[in-house]
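work.txt follows (compact mmCIF, C-alpha atoms):
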# COMPACT_ATOMS: atom_id res chain seq x y z
CA MET D 11 -43.35 30.01 -29.66
CA MET D 12 -42.23 33.31 -31.14
CA ARG D 13 -38.83 33.76 -29.56
CA SER D 14 -37.36 36.83 -31.19
CA PRO D 15 -38.48 39.90 -33.15
CA TYR D 16 -36.83 38.19 -36.13
CA ASP D 17 -39.18 35.19 -35.76
CA ARG D 18 -42.14 37.54 -35.57
CA PHE D 19 -40.91 39.41 -38.66
CA LEU D 20 -40.60 36.14 -40.61
CA PHE D 21 -44.04 34.99 -39.47
CA ARG D 22 -45.75 38.26 -40.43
CA GLY D 23 -43.87 38.24 -43.74
CA ALA D 24 -45.15 34.73 -44.51
CA ILE D 25 -48.76 35.67 -43.62
CA SER D 26 -48.61 38.84 -45.79
CA LEU D 27 -47.12 36.92 -48.72
CA GLY D 28 -49.92 34.37 -48.35
CA PHE D 29 -52.59 37.07 -48.54
CA ALA D 30 -50.89 38.75 -51.52
CA ALA D 31 -50.86 35.34 -53.27
CA LEU D 32 -54.60 34.87 -52.58
CA VAL D 33 -55.41 38.31 -54.04
CA ALA D 34 -53.32 37.58 -57.16
CA LEU D 35 -55.02 34.18 -57.45
CA GLN D 36 -58.47 35.76 -57.23
CA MET D 37 -57.67 38.25 -60.01
CA PHE D 38 -55.68 36.14 -62.49
CA ASP D 39 -56.94 32.79 -63.81
CA PRO D 40 -54.06 30.27 -63.83
CA ALA D 41 -55.86 28.45 -66.67
CA LEU D 42 -54.97 31.36 -68.96
CA PRO D 43 -51.38 31.84 -70.09
CA GLY D 44 -49.51 34.92 -68.95
CA PHE D 45 -49.45 35.57 -65.24
CA PHE D 46 -48.68 32.13 -63.76
CA PRO D 47 -45.86 30.00 -65.22
CA PRO D 48 -46.87 26.51 -66.46
CA CYS D 49 -46.23 23.56 -64.13
CA PRO D 50 -42.73 22.11 -64.76
CA LEU D 51 -43.83 18.49 -64.28
CA ARG D 52 -46.73 18.89 -66.71
CA ALA D 53 -44.51 20.71 -69.24
CA LEU D 54 -41.71 18.12 -69.08
CA THR D 55 -43.63 14.83 -68.77
CA GLY D 56 -47.21 15.64 -69.81
CA TRP D 57 -48.50 13.95 -66.61
CA TYR D 58 -51.10 15.33 -64.21
CA CYS D 59 -49.80 15.10 -60.64
CA PRO D 60 -52.29 14.74 -57.73
CA GLY D 61 -52.08 18.51 -57.20
CA CYS D 62 -52.60 19.42 -60.85
CA GLY D 63 -55.39 21.96 -61.20
CA SER D 64 -55.39 22.98 -57.54
CA LEU D 65 -54.38 26.60 -58.30
CA ARG D 66 -57.11 26.78 -60.97
CA ALA D 67 -59.52 25.23 -58.44
CA MET D 68 -58.58 27.88 -55.83
CA HIS D 69 -59.11 30.62 -58.42
CA GLN D 70 -62.60 29.26 -59.15
CA LEU D 71 -63.40 28.95 -55.43
CA LEU D 72 -62.24 32.55 -54.78
CA ASN D 73 -64.70 33.60 -57.48
CA GLY D 74 -67.52 31.51 -56.03
CA ASN D 75 -67.63 28.74 -58.64
CA VAL D 76 -67.65 25.56 -56.56
CA GLY D 77 -68.59 23.29 -59.47
CA ALA D 78 -65.75 24.53 -61.67
CA ALA D 79 -63.36 24.18 -58.74
CA LEU D 80 -64.38 20.54 -58.26
CA ALA D 81 -63.86 19.90 -61.97
CA MET D 82 -60.30 21.27 -61.76
CA ASN D 83 -59.20 19.21 -58.75
CA PRO D 84 -61.83 17.51 -56.56
CA PHE D 85 -59.19 16.29 -54.09
CA ALA D 86 -57.84 19.83 -53.48
CA VAL D 87 -61.34 21.21 -52.84
CA ILE D 88 -62.24 18.41 -50.42
CA ALA D 89 -58.87 18.64 -48.61
CA LEU D 90 -58.95 22.46 -48.38
CA PRO D 91 -60.88 22.82 -45.07
CA PHE D 92 -58.69 20.19 -43.39
CA LEU D 93 -55.44 21.72 -44.70
CA SER D 94 -56.49 25.31 -43.82
CA TYR D 95 -57.48 24.31 -40.29
CA GLY D 96 -54.20 22.43 -39.87
CA MET D 97 -52.16 25.43 -41.01
CA ALA D 98 -54.18 27.74 -38.74
CA SER D 99 -53.46 25.32 -35.90
CA HIS D 100 -49.70 25.43 -36.57
CA ALA D 101 -49.89 29.25 -36.80
CA CYS D 102 -51.74 29.30 -33.46
CA PHE D 103 -48.93 27.19 -31.97
CA GLU D 104 -46.36 29.75 -33.16
CA ILE D 105 -48.33 32.63 -31.61
CA ARG D 106 -49.79 31.19 -28.41
CA GLY D 107 -47.73 28.05 -27.80
CA ARG D 108 -50.53 25.55 -28.28
CA TYR D 109 -52.40 23.96 -31.17
CA LEU D 110 -56.09 24.47 -31.92
CA PRO D 111 -58.32 21.65 -30.65
CA GLY D 112 -58.17 18.82 -33.15
CA VAL D 113 -59.36 15.29 -33.79
CA PHE D 114 -56.70 12.61 -33.42
CA ILE D 115 -56.31 10.76 -36.72
CA PRO D 116 -55.36 7.08 -36.23
CA GLY D 117 -52.13 6.11 -38.05
CA ARG D 118 -53.98 3.68 -40.30
CA TRP D 119 -56.16 6.48 -41.70
CA ILE D 120 -53.05 8.49 -42.59
CA TRP D 121 -51.75 5.45 -44.51
CA ILE D 122 -55.08 5.31 -46.35
CA MET D 123 -54.70 9.03 -47.21
CA ALA D 124 -51.20 8.43 -48.64
CA VAL D 125 -52.50 5.55 -50.79
CA ALA D 126 -55.52 7.63 -51.87
CA ILE D 127 -53.31 10.54 -53.02
CA VAL D 128 -51.10 8.24 -55.12
CA ALA D 129 -54.15 6.39 -56.52
CA PHE D 130 -55.81 9.70 -57.43
CA GLY D 131 -52.59 10.80 -59.20
CA VAL D 132 -52.51 7.57 -61.23
CA ALA D 133 -56.26 7.49 -61.97
CA ARG D 134 -56.46 10.97 -63.46
CA ASN D 135 -53.75 10.08 -66.00
CA LEU D 136 -55.55 6.97 -67.29
CA PRO D 137 -57.45 7.49 -70.55
CA VAL D 138 -60.27 5.17 -69.34
CA TYR D 139 -63.72 6.79 -69.25
CA PRO D 140 -64.87 7.33 -65.67
CA LEU D 141 -61.29 7.88 -64.45
CA SER D 142 -60.44 10.36 -67.20
CA LEU D 143 -63.07 12.70 -65.68
CA LEU D 144 -60.58 13.29 -62.85
CA ALA D 145 -58.09 15.09 -65.12
CA PRO D 146 -58.23 18.87 -64.59
CA GLY D 147 -61.10 20.55 -66.43
CA VAL D 148 -62.52 17.45 -68.15
CA MET D 149 -65.80 17.65 -66.20
CA LEU D 150 -66.25 21.15 -67.64
CA GLY D 151 -65.66 19.78 -71.13
CA VAL D 152 -62.31 21.55 -71.36
CA LYS D 153 -59.01 19.78 -72.00
CA PHE D 154 -55.81 21.41 -70.81
CA MET H 6 -56.53 0.18 -20.44
CA TYR H 7 -60.14 0.93 -21.40
CA CYS H 8 -60.86 4.42 -22.73
CA PRO H 9 -63.07 6.34 -20.25
CA THR H 10 -64.82 8.10 -23.14
CA CYS H 11 -65.60 5.39 -25.68
CA GLY H 12 -64.63 2.18 -23.91
CA ALA H 13 -62.16 0.98 -26.57
CA ASN H 14 -59.43 -1.36 -25.35
CA ASN H 15 -56.01 0.31 -25.65
CA ALA H 16 -52.39 -0.62 -24.92
CA ASP H 17 -51.71 -0.11 -21.19
CA ASN H 18 -49.33 2.82 -21.74
CA ALA H 19 -51.10 4.33 -24.78
CA ALA H 20 -50.89 8.14 -24.98
CA VAL H 21 -54.15 8.44 -26.93
CA CYS H 22 -57.18 6.22 -27.52
CA VAL H 23 -57.02 4.21 -30.78
CA GLN H 24 -60.71 4.70 -31.42
CA CYS H 25 -61.65 8.25 -30.36
CA GLY H 26 -58.26 9.96 -29.92
CA ARG H 27 -58.87 10.99 -26.30
CA THR H 28 -55.65 11.72 -24.39
CA LEU H 29 -55.15 8.78 -21.99
CA ASN H 30 -51.75 9.59 -20.54
CA ALA H 31 -52.03 13.03 -18.95
CA MET H 32 -48.23 13.26 -18.66
CA VAL H 33 -47.83 13.30 -22.44
CA PRO H 34 -50.54 15.31 -24.22
CA ALA H 35 -50.69 14.06 -27.82
CA ALA H 36 -50.57 17.66 -29.03
CA THR H 37 -46.92 17.92 -27.96
CA VAL H 38 -45.86 15.43 -30.65
CA PRO H 39 -46.76 17.14 -33.94
CA ASN H 40 -47.02 14.88 -36.99
CA TYR H 41 -46.73 17.67 -39.62
CA LEU H 42 -49.38 15.84 -41.68
CA VAL H 43 -50.75 19.07 -43.21
CA PHE H 44 -47.34 20.11 -44.50
CA ALA H 45 -46.57 16.56 -45.63
CA ILE H 46 -49.74 16.54 -47.77
CA LEU H 47 -49.01 20.02 -49.14
CA VAL H 48 -45.46 19.18 -50.24
CA THR H 49 -46.63 15.86 -51.71
CA VAL H 50 -49.30 17.51 -53.78
CA PHE H 51 -47.42 20.64 -54.78
CA CYS H 52 -43.96 19.47 -55.60
CA CYS H 53 -42.37 16.27 -54.59
CA LEU H 54 -44.43 13.11 -54.61
CA PRO H 55 -41.73 10.62 -53.43
CA THR H 56 -40.24 12.66 -50.57
CA GLY H 57 -43.68 13.98 -49.59
CA ILE H 58 -45.03 10.43 -49.31
CA ALA H 59 -42.10 9.62 -46.99
CA ALA H 60 -43.21 12.57 -44.81
CA ILE H 61 -46.84 11.32 -44.78
CA ILE H 62 -45.72 7.82 -43.79
CA TYR H 63 -43.68 9.23 -40.89
CA ALA H 64 -46.74 11.30 -39.90
CA ALA H 65 -48.75 8.06 -39.82
CA GLN H 66 -46.01 6.49 -37.71
CA VAL H 67 -46.21 9.37 -35.18
CA ASN H 68 -49.89 8.65 -34.56
CA THR H 69 -49.49 4.85 -34.62
CA LYS H 70 -46.74 5.10 -31.99
CA LEU H 71 -48.81 7.50 -29.85
CA GLN H 72 -51.59 4.92 -29.95
CA ALA H 73 -49.14 2.21 -28.83
CA GLY H 74 -47.77 4.42 -26.02
CA ASP H 75 -44.30 4.64 -27.57
CA ILE H 76 -43.65 8.35 -26.89
CA ALA H 77 -39.92 8.27 -27.70
CA GLY H 78 -40.69 6.50 -30.98
CA ALA H 79 -43.40 9.04 -31.79
CA GLN H 80 -40.99 11.91 -31.14
CA GLN H 81 -38.38 10.28 -33.41
CA ALA H 82 -40.98 9.77 -36.16
CA SER H 83 -42.07 13.40 -35.68
CA LYS H 84 -38.47 14.54 -36.29
CA ASN H 85 -38.28 12.36 -39.41
CA ALA H 86 -41.60 13.72 -40.70
CA LYS H 87 -40.32 17.29 -40.24
CA MET H 88 -37.02 16.41 -41.94
CA TRP H 89 -38.77 14.94 -45.01
CA VAL H 90 -41.05 17.99 -45.23
CA LEU H 91 -37.97 20.25 -45.23
CA ILE H 92 -36.18 18.03 -47.78
CA SER H 93 -39.26 18.27 -50.01
CA VAL H 94 -39.43 22.06 -49.68
CA GLY H 95 -35.70 22.30 -50.46
CA ALA H 96 -35.99 20.00 -53.47
CA GLY H 97 -39.04 21.93 -54.65
CA LEU H 98 -37.22 25.28 -54.47
CA LEU H 99 -34.16 23.79 -56.22
CA LEU H 100 -36.28 22.30 -59.03
CA THR H 101 -38.22 25.55 -59.44
CA CYS H 102 -34.98 27.56 -59.75
CA ALA H 103 -33.59 25.04 -62.25
CA TYR H 104 -36.84 25.24 -64.24
CA ILE H 105 -36.83 29.06 -64.34
CA LEU H 106 -33.17 29.02 -65.41
CA PHE H 107 -34.06 26.46 -68.12
CA ILE H 108 -36.88 28.67 -69.45
CA VAL H 109 -34.67 31.77 -69.47
CA VAL H 110 -31.87 29.95 -71.31
CA MET H 111 -34.32 28.45 -73.83
CA SER H 112 -35.99 31.80 -74.56
CA MET H 113 -32.61 33.49 -75.04
CA SER H 114 -31.30 30.80 -77.38
CA HIS H 115 -34.41 31.14 -79.57
CA ARG H 116 -33.87 34.85 -80.22

Is it possible to express this structure as structure tokens?
Amino acid sequence: MMRSPYDRFLFRGAISLGFAALVALQMFDPALPGFFPPCPLRALTGWYCPGCGSLRAMHQLLNGNVGAALAMNPFAVIALPFLSYGMASHACFEIRGRYLPGVFIPGRWIWIMAVAIVAFGVARNLPVYPLSLLAPGVMLGVKF
Amino acid sequence: MYCPTCGANNADNAAVCVQCGRTLNAMVPAATVPNYLVFAILVTVFCCLPTGIAAIIYAAQVNTKLQAGDIAGAQQASKNAKMWVLISVGAGLLLTCAYILFIVVMSMSHR
């Protein structure tokens, strides 16, 4: 629950920052150099992490290009509704003291999710044909 | 205990049904033990794979223990999940600062 005016200030600050970030993400394409800094992991190791391309995917989604978004990071696009609802639920808890109605996910499924995220991260780095399609942008015929 | 909604056989003191997730123990609504799964996935994907995975595994443990009726265990796992999310966020911020510093130093030394 929101206990103090300070809590409320922090919460509103976080929400406003989030919206500002979405507006910036709609206007500037992270695939182009300039506005967004390059990912440190990618710059230092050359690997694609499981989240690689998710900002570019969000930019494409905010501009209505679902196909391009899927090509950047299919996992991020599929997980987006779940993650947004979960964050809204936590925000609801902060405001009203209870979570939004949700489906209980059995522990085993969460284990499967963890394995799937790691497997996705490994697969998109392998230079083997069907797996290499998972690297950001490859399905669009672009290589980053 | 058989679930009144779906009929699945659960542990006698289970807080939620293994199959459909229905709250079985009215004293302990499952919603009071958050598993922080959303944040665990976000930190895993956005910054810190190893510590984020630890958070996801604790999130899984929260739900597994709720299914088994181990409320105290679920609450402990919930605390651990939260801790690993915060560790990941901290590590992410630290690494980002170090990276920005690195870029600034590099660009200055190239002048």

For region 119-121 of chain D, work out the shell of residues within 10 Å, counting all atoms listed in the file and skipping chain neighbours fewer than 2 positions away, then give it as a PyMOL selection string.
(chain D and resi 115-117+123-126) or (chain H and resi 42+58+61-66+68-69)

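For the atom pair formed by CA of Leu27 (chain D) and CA of Gly97 (chain H), the distance is 18.0 Å, given to one decimal.
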
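From CA of Ala79 (chain H) back to CA of Tyr41 (chain H), the distance works out to 12.1 Å.
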
Using only C-alpha atoms, I'd like every residue of chain D that has an atom within 12 Å of chain H; please write them out as a ChimeraX atom specification.
/D:47-54,58-65,83,85-86,89-100,103,107-132

With only C-alpha atoms as the counted atoms, please give the residues lying no more than 6 Å from Met82 (chain D), apart from itself and same-chain residues fewer than 5 positions off, as an NGL selection string.
:D and (63 or 67 or 146-147)

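The two atoms in question, CA of Ala78 (chain D) and CA of Leu150 (chain D), are spaced 6.9 Å apart.
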
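When the distance limit is 10 Å and only C-alpha atoms are what count, the residues near Leu143 (chain D), minus those fewer than 6 positions from it on the same chain, are Ala81, Met82, Ala133, Arg134, Asn135, Leu136, Pro137, Met149, Leu150 and Gly151 of chain D.
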
Around the point (-45.6, 33.4, -42.3), in the coordinates given by the file, pick out the residues reaching within 12 Å, counting only C-alpha atoms, and return them as a CSV table (one decimal) with C-alpha atoms, keeping the file's coordinate frame.
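Writing the result to result04.csv gives the following:
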chain,number,residue,atom,x,y,z
D,12,MET,CA,-42.2,33.3,-31.1
D,16,TYR,CA,-36.8,38.2,-36.1
D,17,ASP,CA,-39.2,35.2,-35.8
D,18,ARG,CA,-42.1,37.5,-35.6
D,19,PHE,CA,-40.9,39.4,-38.7
D,20,LEU,CA,-40.6,36.1,-40.6
D,21,PHE,CA,-44.0,35.0,-39.5
D,22,ARG,CA,-45.8,38.3,-40.4
D,23,GLY,CA,-43.9,38.2,-43.7
D,24,ALA,CA,-45.2,34.7,-44.5
D,25,ILE,CA,-48.8,35.7,-43.6
D,26,SER,CA,-48.6,38.8,-45.8
D,27,LEU,CA,-47.1,36.9,-48.7
D,28,GLY,CA,-49.9,34.4,-48.4
D,29,PHE,CA,-52.6,37.1,-48.5
D,30,ALA,CA,-50.9,38.8,-51.5
D,97,MET,CA,-52.2,25.4,-41.0
D,98,ALA,CA,-54.2,27.7,-38.7
D,100,HIS,CA,-49.7,25.4,-36.6
D,101,ALA,CA,-49.9,29.2,-36.8
D,102,CYS,CA,-51.7,29.3,-33.5
D,104,GLU,CA,-46.4,29.8,-33.2
D,105,ILE,CA,-48.3,32.6,-31.6

Residue with smallest distance to Val94 (chain H) - pool H:Thr56, H:Asn18, H:Val38, H:Met113, counting only C-alpha atoms:
H:Thr56

Specify the axis-aligned box that encloses all atoms of region 78-94 of chain H listed in the file after padding of 3 Å on each side, stating its centre and edge lengths in Å to one decimal as lines of an AutoDock Vina configuration file.
center_x = -39.8
center_y = 14.3
center_z = -40.5
size_x = 13.2
size_y = 21.6
size_z = 25.0
